[in-house]
Structure formats: C-alpha cells, structure tokens
Amino acid sequence: MASWLGGLGAGLGQSLGQVGGGLSSLTGHISSLTRDMLLEGAEELRDESTELQVSNSRLREIESIQAAQKSEVGRSGMQNERLKKVCGDLEEKHEAAELQIKQLSIEYRNQLQQKEVEVSHLKARQNALQEQLQKLQTAAQAAQLGIVPPTTTSASFVPVVRHHSSGFQGDDMDFGDVIWSQQEINRLSNEVSRLESEIDHWKQIAQSSKVQRTNDDEQSEICKLQNTIKELKQNLSQEIDEHQHELSVLQDAHRQKLVELSRRHREELGEYEERIEELENQLQQGGAGTEVTDHSKIGELKKFIQNLPTGKAESMHNMKELEGHIKELNRKLASAEERNNILLKEQELVKVEKSQITQEYERLNSEFSKLQNSVAEQETILKEQGGKFQPMSSPVEEEVLRLQQALLDAEKEIQRLNSLKQADSFIGPGEDFPEVKTDIQVLKEENHKLRKEKHMITLKEQLSKQRTETDSTINQLKLDIDTERRKVSELEVEKMEIIKELGVQKEKLTQCTFALNDLHMSKQELEDNIKGLYEKLKKAQDCNLNNKKEIAELQQKLKEKEEELCISQNKLTKINNQEYNISCQEKEAEIAKLNQDIAENKQLSKILEKSVFDLQAQNENLFADCEELKRQLHEAITEKNKISLEKGTMLEALTMEKGQLESELNQTEKRLLEQAHKYERTIEELTNTRSLNTTALQLEHEHLIKVNRERDFEIAELKRNIEQMEADHQETKEMLTTSLGGQKQLTELIKEKEVFVEKFKNQAIQVQQELEEYIKASKKHETVRQNLEEKDKNLAVMKEENNHLKEEIERLKDQQSRSSVVAEPKTLDIITELESEITQLKLIKNNLEEEIKFHKKTIEDQHQKTVQLQQSLQEHRKEIDESKFQCEQMNVTHEKLFLEKDEEIKSLQRTIEQIKTQLHNERQVIQTDSSDLFQETKVQTLNGENGNEKHDLSKAEIERLVKGMREKEMEIKHLNEKNVSLTRQIDQLSKDEVGKLTQIIQEKDLEIQALNARVSSASYRQDVLCLQQQLQAYVMEREQVLAVLSEKTRENSQLKAEYHKIMDMVAAKEAALIKLQEENKKLSNKFENSSQDMFRETVQNLSRIIREKDIEIDALSQKCQTLLTVLQTSSAGTDNGSGGVNSNQFEELLQERDQLKQQVKKMEEWKQQVMTTVQNMQHESAHLQEELHKLQAQISVDSDSNSKLQLDYNGLIQSYEQNERKLKSFSQELVQVQHSIGQLHNTKDLLLGKLDMVKPPLQMASSSVLQASGIPSGTPSEILSDHCKQLQQELEQVKKIVQEKDVTIRTLQENNQRLSDSMAAKSELERKGQEETDSEMKQIRGKHDVLQKSLKEKDLLIKSKSDQLLSVSENLSNKENENELLKQAVTNLKERNLILEMDIRKLKEENEKIVERCRERETEFRALQETNMQFSMMLREKEFESHSMKEKALAFEKLLKEKEQGKTGELNQLLNEVKSMQENAVTFQQERDQVMVALKQKQMENSALQNEVQHLREKEQRLNQELERLRNHLLEMEDSYTREALAAEDRETKLRKKVTVLEEKLVSSSTAVENASHQASLQVESLQEQLNLVSKQRDETMLQLTISQDQVKQYAMSLANLQMVLEQFQQEEKAMYAAELDKHQKQITEWKRKAERLEEKVESLQESLEEANAALDAASRLTEQLDLKEEQIEELKKEGEIRKEMLEDAQNKLMNLINSTEGKVDKVLMRNLFIGHFHTPKNKRHEALRLMGSILGIKKEELDQLLSEEQRGVTRWVTGWLGGGGAGSKSVPTTPLRPAHQSIFNSSFSELFVKFLETESRPTLPPPTLSVHDMKPLGVSGIGKPSSATSSSQMQDAAGAGTSRRPDANPFLAPRSAAVPLITPAGGPGHLLMKPISDALPTFTPLPVSPDASAGAVLKDLLKQ
C-alpha cells in the first residue's frame, strides 16, 4: 500500500508540475504574442505623429486588456480562495480521521494485551499437562518393571527459538510473518493432540495395572498424575506468554506501519500545499493570465480536490485493513482458547476420581467467567466504537453476534459437562473409559457442527480423523522413530531447496514487475502521444473549416464589389447625360480609373485563384493524411490490447511512428500559424486599401486595389472547385444569388471580354499542377502500401503468439478437467475441498470483476469529463458567435444612423437652397431700390432738419451690415481652421494606411513563395501521410459542426427578431423626436411671424404719422415762403421789375420735396424689412449651427457606444475599430465642411451680387441728381457732392472688406479644390451673369438650375462611394473578427491538449495501481504455493505414520498372544481392545486411502504449477530481453523525458532499499534455517514433536484458510461498500459543481442583461438630455428674442403715442386754419392788390387788373369786357372786380416774359408775382379733381413737366407695378389721414395761396399691400419687378 500511495503521490506531483509548466508556457506565449505585435507596430510606423497616435491606441488597448485580465484574475482568485477553503475542510476531516484511527489502534492494542495475557495462561496450563504426562509415563514404566526405558525428557519440550521477530519492517514480509505464526499455532495444537493420545494410552495401562496393584499404589499414581497436570499447566502458561510476546511484536509492526502511512500522507499533503502556493505565486507574477490559463488552473485544482477524497478513502481503506488484521488475531486467540477449553475438558474426563473432575470443572467455570468479562468488555468497546464510527458499525455488530454465539455454545458445553458429572457419580470406576469415549465422540460431533457453520466442515473432519489415527498409532511411531528421522531430514533438505527456489523466483518476479511497470509507462506515453496527435488533427480540421469560411466570405465580397461596379457604371452613365463638358471630362477620367481598378481586380483574382488552388491541394493532402492517421490509430488500439499479452513487442514501431507524428504535427502547426498570419495580413491590406479617400495617395491606392482585385478574381474562379466543401453554406449562398442575380449579368459582360484569355492560361497551369499532384499521390500510395505490408507482418506475429497462448490455456484447462475426473469416484471430503477452492476462486473472480467495474467506471467518468469539456468548448463557440452577431447588429444600426444623418444633411441643403432663393430676391430688391436710395440721400441734403436725422439712420444700417460681415469673417476663419485640421488628419491616416498596406502585401508575397517552396518539399509528403488519417475525424466534426450550425441559425433567428423589435423601438423614438423638432420649428416660425407682423404694423403706423407730419410741415413752409415773398414785394416799393418770381423753379422744388419725402419713407420701410430679414437669417444660421453641433454630439455618442461594446467583446479589435470610427467621423465632418463651404459660397455670392448691384445705380443716381440740381443755387450741389463722397468712401471700405473676404474664400477654394470646383464655376458664372443686363438673368438661372442638378448628382456619387467604403470596412472588420476567432480556436485546442494530457496522466496512475494490485496477488499466490508444499509434506508424514501403526499393531498382537498364555482374564480384555483397535485400523486405512488420493491430486497440481513456473521463467527471459532493448531506447529518449527519468531514479532507489531489506530478511531466514537444522541434528529426540508440530501446522493452516476466506468476503463487501460510497460522493460532488457552474453562468447572464439594459437606459437618458438641452437652448433664445421684441414694441408704442399726440395737435390746428380760412379773403392781400393797382402806372394797370382777375378766377372774356369798358367808369370795374363774378375762367392768361435787357431789380414785385402765377397756371389741360374714390395713375398729372420726368417715371414704374399686382395697399406708403382733406371741392373760388394744397401739386396714390404679407414676400415681389 505504501508503494501504491508513493506512486500516486509521484503521479500527482508530475501532473501538477506539468500543469505549472503548461501555465508558464501559456504566459510565455502571451508575452511573445504581445512582443511580436509591438515589434510589427514599430516596423510599420513612419512619422512621429503617426507613432504617437499608434502608441496611444496601443496603450488604450493594453489598458483595456489589462482591466479585463484583472477582472478575470479576480474571478480566479475567488475560485482559488474557494478551493483553498475546500482543501482546508478536507485537511481538517483528514486530521479528525487520523485521531479516530489512533483511538481505535489504542483500543485494539489494549484488547491484544488482554488476549496475550490469556494466551500466556493457556501456555502455562499446557506445560503443566506435559509434566503430568511425563510423570504418568515414568509411573507406567515402573509398573511394567522397566520394559520400556524413558525416551523423552523435559528438555524435549523446550520450544524452538525463532528469529523472525526482526522481520516486521517492510510490507512484503507481513504475509510470511502471518504464516509463521499460523505454523506455531498448528504446532501447539499438534502437541496438544499428541499429549491427549498419550494420556489415553497411559490411562489404559493404568487401568490394566490397577487390578494387580493395591490402593496405596493408586494413591501414589494419583499424586503423580496431579503433579504432571501441574507441570502441563505451567508449560501451557509459558506457551501463552510466548504467544502474547509474538502478538506484541505484531502490534508494534502494525503501529510502525500506521506511523509510516500517516507520515507519508502528511508529506504528500505538504507537497500539494507547496504546489498550490507555487501556482498562486505564478498567478500573481503573471498578473493577468488569459481565461484559458485560469480555466486550466481551476480544472487542475478541481482534479486535485477530487483526488484528495480518494487519498482519504485510501487511508480509510488502510485503516480498515489493519482493523481486519486485528480481528483476525482476535479470532485466532478465540480459536486457541476454544482448543484449550477442549483440552481441559478432555483432561477432566481422563481424571480417575471425582475430586479431580470437580476441580477441573471449577477452573473451567472461572475461565468462562473471565471470558464473559472479556466479551462484555469487548461489547462495551464495540458499542463505544459504534457510537464513534457509524460507517464501521456493521462489522463490529457481526463480531458481537459471533461472540454471543460462542457464549451460547460454551454454556451448552457447561450444561453437558454438568450432566456428565452427574452420570459419573452413578457409574462406577470400571465404566469410565467407554463413557469418556462417547463424550469425546459427542464433542467431536459438536465441533464438526460448529465448523460446518463456518463453511469448513471437511477440513475439520479430516483433523478429527487424523487425531484418532495419531491416538491409535503412537506406539508404532515410537518403534519407527529412526525411519521417520531420516524422512524428516530429507524433507528439511527439500524445504531448504524450495525456499531457495522461492527466493530466486521472488527476485525474478520483482524484476518482471519492474519491467512491466516500465512497459506500462512507455505504453501510456505512446497513448499520450497518440491523443496529442489526434487533438492536433482536430486543430488542423478547425483551421481548414475556418479557411473555407474565409473563402466563402471573399466570394461574397467579390459579388459586392461587382455590384458596386455596376452601380458606379450606372451613375457614370447618368452623370454623362446631365453634366456639362467639364463634368464629362471628369467622369471620363473616373471611368478610366474604374477600368484600371477592374483590370487590377482581375489580376488579383488570378493570384487568389492560384493561392486557393494551392490551398485546395493542401486540403486534399490533409484529408489523405487524416485517413492514414485514423488507420494508424485503429491499429494502435488493437496493438495496445495485444501489448498486455505480448508485454511490449511493438514498442519500437510505435516510438518511431510517434517521432514521425510529432515532427509532422510540428510542421502542420507551423504551417497553420503561417496561414493564419497570411490571412490576417490580407485582411489588413483590404481594410487599408478601402479606407483611402484622398487624391494625394491615389497611385498607391490604385496599385493596392490591383493586387486585391486579382486575388478576388482568383477566388471567384476557384468557387467551382470548392462547391463540394461549401454544401453547408448553400442556403446563405442561394439567398445572396437571388438578391444579386440581376446585377451579375452586367458584371459577367465585363468579365467575359477581359478574363477569357487569362482563363486559358490558368487552365494550362492547372493541368500541370494536377499532373504533379497525381505523381505525388502515386508516391504516397506506395509508401502507404509499404506501411500496410509491415503492419500485416506484425499482425501475423501477433496472431501466432495469440494461438500459443490459447493452446497453453487449453492445456491448463485439460489438466484441471483430468484432475477433476480422477477425483470423481472419491469421497465427499474431496468434493467439499474442491467446493471450498471453487468458492475461493469465485471470490477472487468477483473481486476481479469488481475491479474491472471500477476501472470501467473511471473510464466512463473520463468520458464524461471529455464530454463536459466538449460542451464547454461549444459554449465558448456560441458566445463568440453571439459576440459576432452583436457586432453585426451594431454595424447595421450604424449604417441606419448614417442614412438618417444623410437625410438630415439633405434637408439642411434644401433649407440652404431656400435661403439662396431669398437672397436672390433681396438682390433684386437692392437693384430696384438703389436709385431711390441715393436720390433720397440727395433729398436729405436739401431737406435741412429732417434730412440730417434720416442720414444718421442710413449710417446705423451700414454699421450693422459691417458688423454682420465681421461675424461672417470670424465664422469663415473658424471653418478654415477646421478644414485644415481635417485635411491634415486625413492625409496622415491615408499615409499610414498606405505604408501598412504596402508592407503587408510584401509580406504576403513572401509567404506565398515560402508556401510554394514548402509544397514542393519532401516534408509536405509526410504532412500528407499525417493528414490522410484526419479525414474520418473531419467527417465526424463536420456532423458536429452541422448540428452547431443548426443551433446557431436558430439563435440567429431569435436575435434577428429581437433586433427588429429594438429597431422598431428606435424608429418610434426617432419619429417622436422628429415630431417634436417640427413642432418646435412651427412654434418658432409662428412666433417670428407674429412678431414680424406686429413690427410691420407699428412701422406702418409710424411711417404714416411721419408722412402726415411731413405734409403739414411742408404746407406751413409753403405758406411761410409765400408770405415772405409778399413782404419782399411790399418792402421793395413801387418798382415794376421787383415783384416777379420764377414759377417753374418753385414747382420743381415742390416736386423734389414730395419725391424726397416719399423716398425717405420707402427707405425707412426697406431698412426695417432688411433688418428683419437679416435677423431671420442670423437666427436660421444659428439654428443650423446648433443642428450641426447636435449631429456631431450624436456621432461622438455613437462612437463612444461603439467603443464600449467592442471593448467588451474583443480587446484586440479596438485599434482597428477606432481607425474605422475616425474615418467615419472624418467623412461626416467632411460632409459638414462641404455644407459649410457651400453656405459660405452662397453668402459670398450674395454679398458680391449686392455690391455689384449697388455700384451702377450709384452712378446713375449721381448723374440724375446732378442734372436735376444744376440750375438752382450752388450750396445744395456742394452738400450733395460731400455726401456722395462719404458714401463712396464707405463703399470703398466695403469693397476692401469684400476683397479681403474674397482672398479668404480663394484660400478655402485652394484647400478644397476637390470638393468646391463646381461651386467656384457656378459663382463665376453668376458674377458674369450679374454684371450683364437683366435680360441675361433668365439664361443664368437656367444654367444655375443645371449646375445644381449636377451638384446633387455629385453628392449622390460621393455618398455612394462613402457607402462602398463603409461596406468594405465592415467586411474587413468581419474578417479580422474571424481571424481572431481562429486564434481563439487554436488556444482552445491547446487547452484541450493540456486537459487530455492530464487525463492520460491519471490513466497512468491507475495503471500503476493495477500493477501494484497484480504484485499483491502474486505474493498471495506464492503464499498459497508454500501452503501447498506444506500439505504435501504433511501427507508424506501421514504415510510414514500409517506404516509405523501397522508395525505397532503386529507388536500388540504378539503381546496379546503372550498375555493369553499367562492371563486369561487379561486376554479377554486384550481381545476386546484388539477388536476395537482393528476397527480403528480399518477406519485409519480408509482415511489413509483418502489421504493418498488427495496426495496424488496435490502432486498433479504441483506438476501443473511447475509447468507454469517454467512458462513464467521463459516469459521472464523474454521480458529480460525486452527490458535490455527498452533500456537502450530509454537511454536514447532521456533528453525528451527528463522528468520521467528522475521519477524512475526515485523508484529505483526505493526498490533498492526494498531489495536490501529483502536480502537482510533472506539472510536472517537462512540463518534461522541453519539454526533449525543444527538443532534438529542435535535434538534427535525432538523429531517426533516436530512431526506433531507439522501436523498441527497443517490443521492451523486449514483453519487460517477458512478465516482468510471469511476475511476475503468481508474485504469484498467493504470494498463494494467503499466503491458505492465513493461513487455517491463523486456524483454528489459532480452535481454540486454542475449546480454551482449553472448558478454562476445564470448570474453572469443576468448581470450581462442588466448591464445591457443599463447601457440602453443610459443611452436613452443621454438622448433625452440632449433633446432637453436643445429645447432649453431654443427656449432661452426664444425668451431673449421675446424680451428684445417686447422692448422694441414698448419703445415703438411710446413713440407712437408721442406721434399721435403731435398728430392730434397738428390736426386740430389744421382744422382751425381750414375753418378760419375757408370762404374768407385775405384782407392784407386784397388791400395790397388794391393799393398796387393804384400804384402801377396807368399804361400797365390792365395787367394788374388781369392778375387780380386771374387770382379771383375771372375769365379772360369777362376781363376783356371789363377792360374795354374801363373808360365808362371806375365804379363798374371795382364792382365787377369785387363782385367775384362767377363762372369765369380760372386760368390766368399767359403774360409774355420780360425782355432780357430788363433786370429783375427794375421789374416790380407785381410783375414777378404775375410771372410766377403764369408759370403756375401754365398746363393746357385743366387740373384733375382728385378725390379719394376716383384716384388715377400718376402719369396723368405728369404730362408737360420736363423737370420732373426722371423722378416721376421711376415712381410710375414702381407704383404702376404695385397697383397692377395688388390694388389694396402699399407697404411703403401709409393711407392718407381722413382728418386732413388735401383736396378742396371743385369749382370753389379762392386764391392759390389760400388753398391748403392746390390741384397743381403732384399727389401720389398709395401702393396697397395686405398686412399679412411677410417681408420675404415683399422682397420677392420687388425682385420680380
């Protein structure tokens, strides 16, 4: 057991060491991977900025990986703590078990001491009996007068000294010690039986001598007999003491064994604890081992925990074995006590007198009471033990029952003895002997019954017969001592020889066991290697499947690229039809580029076809190798089964194959790693080539695209060859082909023209490659045939050996059958012996079957473990697939978000276009109103007080425009900086990616060359041989993969449904957002419209009030001027020439005044409208900027969410996905920059158009003003010129600002030529069209529409290209994910290798256990052989005894004849005795015959055993030869198996120690044998005692056999119970672990779900937060605007109230004036006229009269009549003048002008005034009576007024257009107030100056405009005009 435990500990140590090595190798692998990644990154870096970026990204990746690993380490730490707790619990349980075992051992030692005391008492009694026997013999000799001399002395009874006490050191000699103790027990029993026979003999002699002797002699003989009884008792006590000493020695030996077992167990526990600490230290040092290492550690710790209870069970098993051994000793003691009791009872029967019988009876009672006490003590002890140990209660209860049965038997015997005592009292002394004989027979029958109950009836009957024989033949033995001595010496010589042979055989068997162990170790190593090869084949199969998946994905990408080509071609054809010549050229250049790309793709496809063809060839070779490997595996399994019989004949072949397989697998692993690197690099190349967008890197981009396209076309051509491998992917392919069927036709038309020639070349190359492959395949077939032939030879050899073994087995069976045939006619005793042997064999068979079941269970457990590992692998794969699917979902959501953002950008473009149209309308407004504007400035200079205020207002407007321009400049600068930074980032990214792509392509080409070289090399053939055997495994894995695929499809469908639900929710949320945004916009528009309406109404009211007040002021100023002129005329005196005034100048001044007033009003209204439009534009631009910021924020949020999710899934994908996100953000920012640049261009074009339209009207207005103001005084012309100069300076400043802005816009255009060429062309065309006439504007608009369409098409092209880039990047990311999956699969396979190695180590340990059990069985077999030899010796002795008995019978007959001659009475007695003796002799002869038959059977068995020994010797020779060969082979393999060599050395040292111990024991045994032989030669007299000892030993061995069989049954029962308990324990542990795992997995899934829910909630909350912030911003802006508008409204209300008060005052004054002046004549005027008439000379008084008549409205005819009647009298003239005569003409006659020589000073005031009035009344047509209801167009009153032609015509255009459009109202003119009637009723007489405003003055009709019309609509109307 110790060696077994040692082997188990060594195996566990090796397994833990290998696990540690595996962990260190994994950590090393991880560190080397990180180092390689860093080195590759360092090689790829070029610039410092790129190095910084890459290093930052790598640092982020490493930090994320570190965080994940820390979390994993935390988990593993938790698991380690849990495992430590479990280990602590198990250690505590172990310590408690040790304490319990110690208590049990102490109790058993106490029991042993008690039993030893009892044995010593029995030995003392035996010595006393021997002394009594000697005394009886001497007395009988004295009675026979010295006929027979005393032959024995007390010295002969001295026990033989034994030297075996020193042998209780090792485990191997325990069985020998037991046999020796049994031999001594047998010897003692034989001595007791011999003494009993002698007692009977001497009793008979004494009875015969009693007749002659007197009572005195009888008394003396009684005294002698008593003395002899005392001596026998003393001898018995001495022997019991010796037996007790031997038991104490055995107890010490068992104690030493327990101490050694506990020490070993503690040492193993310490080693395990140290190993666990080392593993924990390695974990802490490694910092962050991957999930793979943690899982392996957890698995190892779990295995260690599972092994700990097995170790505990083993220790418990050892304890139970020790307890069983102690129980055996107790049974032996009980049997010895029973024998002593039987002897005592027989001695009591021997006693002659009743006193002696009573004494013996009392002593028996005392001994029985002692036994009862001991039994009671044992029962109490057992009860205590039962209370302590429940599992050990069943055997203890059985022992208690047995002891109770023994007590009952003893009581029955006591009752029987009492009855015998009573019978003896009635029967006389002469009848003692027949009663004693009957009692003996009854006792013997009871003994037989007891032995039948113990299943050993036959053995005890033989013993009883042998005892009777010995009783009858003691006399004959005395005569034949000499012959027996010779035979004894011969037997001793034979014993010595047999012992020597046994020693030799033991040494040989130990050597064979060592050789078998070595063979088993090598066999397990080969099995390990085979399993490793099988796992590597599985890895290769997984790699092949992944390669197939990658090929399918590449084909799908080809289809997508072809579709993209078709889309681009369609777009190109549309663009060619719509664009101008410039766009046509650009598109032709793009088409040429696309054609080049197609050609490059074709070349790429060719290269890829070649590479795929090579891969296909490799796959075929791998399949062939897989098949070969599977065949080899089946052969290896069959050979493994034969190895157990052959013992290693095929080891060399397997080791050679193992080396080849290892080399081949190393090559395949290298090749697979290289292929994985290749695919990773190709994927990185594809990503980098697709991510390039800039024109600076187009050449490198085109080169990379060529290589890519060539490989893609190669993959497309190889599709046909791989259709058989892609049967699993047909469903997905059919879906793709149905969706892409329509687009394939266009791509195939392009392909057929260009690839047709290349196909023929490829076909020729393929034919050549196929020929080479066929040649290689033929060579491989030859090698395979050779291998098959060799294996067939090996099979034939194996079959021959099998036949030999079968023949030997049949021969052995024949021998057994013959022996059974011989035994058939024999008696029942032999049959019972055979039955007992059959029961033993059945027990052995049952034990073996139980062991087989145990091994099967272990194998099933291992299978279950492998199944669990496979399930865990499948779960890992499912998790990886789920992460893939989630990544795909994220990509789909990103695509949808991008589409939505593109739609939002389109809506923004539409709003920008609307703003453009509004700005165009504003330009036209500026064109139409510019002349008015600058004429108004002139009027302001003329206008005095009012003009200065309005000039200040125009300055404020200019300042506001300048401020707006400055803000636009700031925005332009900010956008420029953004654009420059974006372009730099794009250039850096493109450079980095191009460099990486070029490096990757070069590496790929080198790898392709290396692969081609490797394919052509010889190692490839070996790979083919290896991989042919993998085909069958691939088929099995294919089925598994199909099942997994079905599960994955089901999971995908579920995930898709969930995804659709989520997308519906997202769409609903987005729709709600859009609705809210629209509602916000509507509310803001309503608010703005309402504010604008209010503003308009207030402005209109104010303008109306101002205009009315201006009219009143003008009327008052006119009155003032007329009064001044009258005063000047009055003051001038009576000069005729001084009273004339130029009426034309006066009219012109009045007209200019009215025009200026109207223009000022228009300017104010226009100014307010422009302000409102500018404010609206600013608000809209702010809204657009806010929306752009929102979009950027959403993009940043999306990128953040992307990074979080992808960090969770794969730490290694982060760098690539960050690059993707950067590219996406850059593309989106580019789109935003394009929109901003378009807005800037539009604003610039609008400003340039305004300035260009401002320039020509300035010149026109200045010229017109100069022409108009050339005649009057020079002061207003100077003022006009100064004001024009100021305006020109301001215009120059504005021009300078515009020029600076042009410079900035040109720099922007230079930076963004690729994006803004078409926009610049449009701006130039618009500038040219604006500089041309208005007639060309329509053509320019048409061109502008066409250009907008082309721009939209360009934007669509850009969007399609960006979509293509996104799709390509997504495909590449998918490929990278798949590559990482391949890497994970490789790591998983490595973990499988480690797990399988651990399982193989476990199997090795179990094999070692089985070998140790076989050794134990061999030792038991040896012990049985020794017992058989002893039985044969005993049979020979019995034969000699039968001969001596015959001789003694003859001697007795002679004696009887002599007695007949002398004594007739004695003759009768002697005759009776002779008859009884003859009957006994007959029975003895029958028994001798039976013994002879048994001897013959034993001889047959011995011969069979000798044959087996010869076979074993031959096998030993074979094994020795194989051992020498294997040792040589192991010497060669020492380098690769250093650890095993060390373990073997440890084993050798242990075995050498054992050999030394065995040698010492052999020396001690040999010395003991020599001493025994010397004592036999010296002590010739003690030969008879030795014979008796041999017979007793045989009896004892038979008893021990029965005991051992019972013990074997108990062991079998305990083993079965233990196995059941172990199985239940293991099942409970498995269930516990499974439940815990399920719980943990459920918890993990729940936490993941919670995390996802929280993330979704966080995202929704962030979105709602952003929306709320946006709403708050909008609300704050609206509140600010509302506050501003409210302040403006309050100010305007105050101004309105002030103006209303002024208006009311003016209206009241006007009403008073009208009431006062209407119907009245100015007295002063009439007096002046009257006085002037008399002051004028008489020759000119008629002129004065006419003037007065014209003033009074008298007609010319009436004046002529009055003048003609002048001579009649003054009274009539006066009466006629003063009478106001009626209906005369109102027109004043045209007086001729004064001559030129007459100066103004000579002319009088009346003459000047008459001229003024004539000019005023010049129009031929009568002035129109303008009422409110019949208003006419302005042109009616404008006829005949040349001075006012310019102004009136311009105003007519405006007013006429306004009236033609809408006759309701005018926004520029408020309606006339009803309070001021400007027109008098027609036909009323009165003076010109007395009227408020004459009909001659020009009045303007108001332009009606509805109050609902907005400023934008007004501007549009004006622009249309």
# chains A, B, ... in the order shown; residues from 1 in each chain; ligands from 1

call {"tool": "residues_around", "arguments": {"residues": "Glu717 (chain A)", "least_positions_apart": "5", "cutoff": "10 Å", "atoms": "only C-alpha atoms", "output": "compact mmCIF listing (two decimals) with N, CA and C atoms, in the first residue's frame"}}
result
# COMPACT_ATOMS: atom_id res chain seq x y z
N GLN A 555 -15.64 35.40 -51.55
CA GLN A 555 -16.52 35.33 -52.72
C GLN A 555 -17.69 36.29 -52.58
N SER A 605 -7.66 38.58 -58.81
CA SER A 605 -8.45 37.34 -58.80
C SER A 605 -7.62 36.17 -59.33
N LYS A 606 -6.78 36.47 -60.33
CA LYS A 606 -5.92 35.37 -60.83
C LYS A 606 -5.00 34.86 -59.72
N LEU A 608 -5.30 35.14 -56.53
CA LEU A 608 -6.05 34.47 -55.48
C LEU A 608 -6.53 33.10 -55.92
N GLU A 609 -6.86 32.94 -57.22
CA GLU A 609 -7.25 31.62 -57.71
C GLU A 609 -6.10 30.63 -57.56
N LYS A 610 -4.92 31.13 -57.92
CA LYS A 610 -3.76 30.24 -57.75
C LYS A 610 -3.59 29.83 -56.27
N VAL A 612 -5.76 29.81 -53.91
CA VAL A 612 -6.86 28.94 -53.46
C VAL A 612 -6.68 27.52 -53.99
N PHE A 613 -6.17 27.43 -55.24
CA PHE A 613 -5.92 26.10 -55.77
C PHE A 613 -4.87 25.36 -54.94
N ASP A 712 -9.18 38.62 -55.74
CA ASP A 712 -10.63 38.40 -55.72
C ASP A 712 -11.09 37.58 -56.92
N ILE A 722 -14.61 24.37 -55.04
CA ILE A 722 -14.87 24.30 -53.60
C ILE A 722 -16.37 24.13 -53.32
N LYS A 759 -8.18 32.84 -68.64
CA LYS A 759 -8.70 31.53 -68.25
C LYS A 759 -7.92 30.40 -68.92
N ASN A 762 -4.66 29.97 -67.16
CA ASN A 762 -4.87 29.34 -65.85
C ASN A 762 -5.17 27.84 -65.99

call {"tool": "residues_around", "arguments": {"residues": "Asp1606 (chain A)", "least_positions_apart": "2", "cutoff": "12 Å", "atoms": "only C-alpha atoms", "output": "list in words"}}
result
Gly324, Lys327, Glu328, Arg331, Pro395, Glu453, Lys454, His455, Met456, Ser836, Thr839, Gln840, Leu843, Leu1599, Gln1600, Leu1601, Thr1602, Ile1603, Ser1604, Val1608, Lys1609, Gln1610, Tyr1611, Ala1612 and Met1613 of chain A

call {"tool": "atom_distance", "arguments": {"atom1": "CA of Val73 (chain A)", "atom2": "CA of Asp542 (chain A)"}}
result
29.0 Å

call {"tool": "atom_distance", "arguments": {"atom1": "CA of Val1035 (chain A)", "atom2": "CA of Lys670 (chain A)"}}
result
23.8 Å

call {"tool": "atom_distance", "arguments": {"atom1": "CA of Glu789 (chain A)", "atom2": "CA of Leu1031 (chain A)"}}
result
21.8 Å

call {"tool": "residues_around", "arguments": {"residues": "Gln1619 (chain A)", "least_positions_apart": "4", "cutoff": "10 Å", "atoms": "only C-alpha atoms", "output": "ChimeraX atom specification"}}
result
/A:313,850-851,853-854,1613-1615,1623-1625

call {"tool": "residues_around", "arguments": {"residues": "region 1667-1670 of chain A", "least_positions_apart": "5", "cutoff": "12 Å", "atoms": "only C-alpha atoms", "output": "list in words"}}
result
Lys1069, Glu1070, Ala1072, Leu1073, Ile1074, Leu1076, Gln1077, Asn1080, His1183, Gln1185, Glu1186, Glu1187, Leu1188, His1189, Lys1190, Leu1191, Ala1193, Gln1194, Ser1660, Leu1661, Gln1662, Ala1675, Ser1676 and Arg1677 of chain A

call {"tool": "residues_around", "arguments": {"residues": "Ser76 (chain A)", "least_positions_apart": "3", "cutoff": "8 Å", "atoms": "only C-alpha atoms", "output": "short mmCIF file (atom, residue, chain, number, x, y, z; two decimals) with N, CA and C atoms, in the first residue's frame"}}
result
data_model
loop_
_atom_site.label_atom_id
_atom_site.label_comp_id
_atom_site.auth_asym_id
_atom_site.auth_seq_id
_atom_site.Cartn_x
_atom_site.Cartn_y
_atom_site.Cartn_z
N GLU A 72 -10.60 39.05 -14.64
CA GLU A 72 -10.51 37.58 -14.71
C GLU A 72 -9.66 37.03 -13.58
N VAL A 73 -8.56 37.76 -13.25
CA VAL A 73 -7.70 37.32 -12.15
C VAL A 73 -8.48 37.37 -10.85
N GLN A 79 -12.11 31.92 -7.06
CA GLN A 79 -12.18 30.45 -7.19
C GLN A 79 -11.06 29.79 -6.40
N ASN A 80 -9.85 30.40 -6.42
CA ASN A 80 -8.72 29.83 -5.66
C ASN A 80 -9.02 29.86 -4.17
N ASP A 294 -6.59 30.39 -16.56
CA ASP A 294 -7.43 30.32 -15.36
C ASP A 294 -8.30 29.08 -15.37
N ILE A 298 -8.17 26.08 -12.74
CA ILE A 298 -9.38 25.67 -12.00
C ILE A 298 -9.63 24.19 -12.19
#
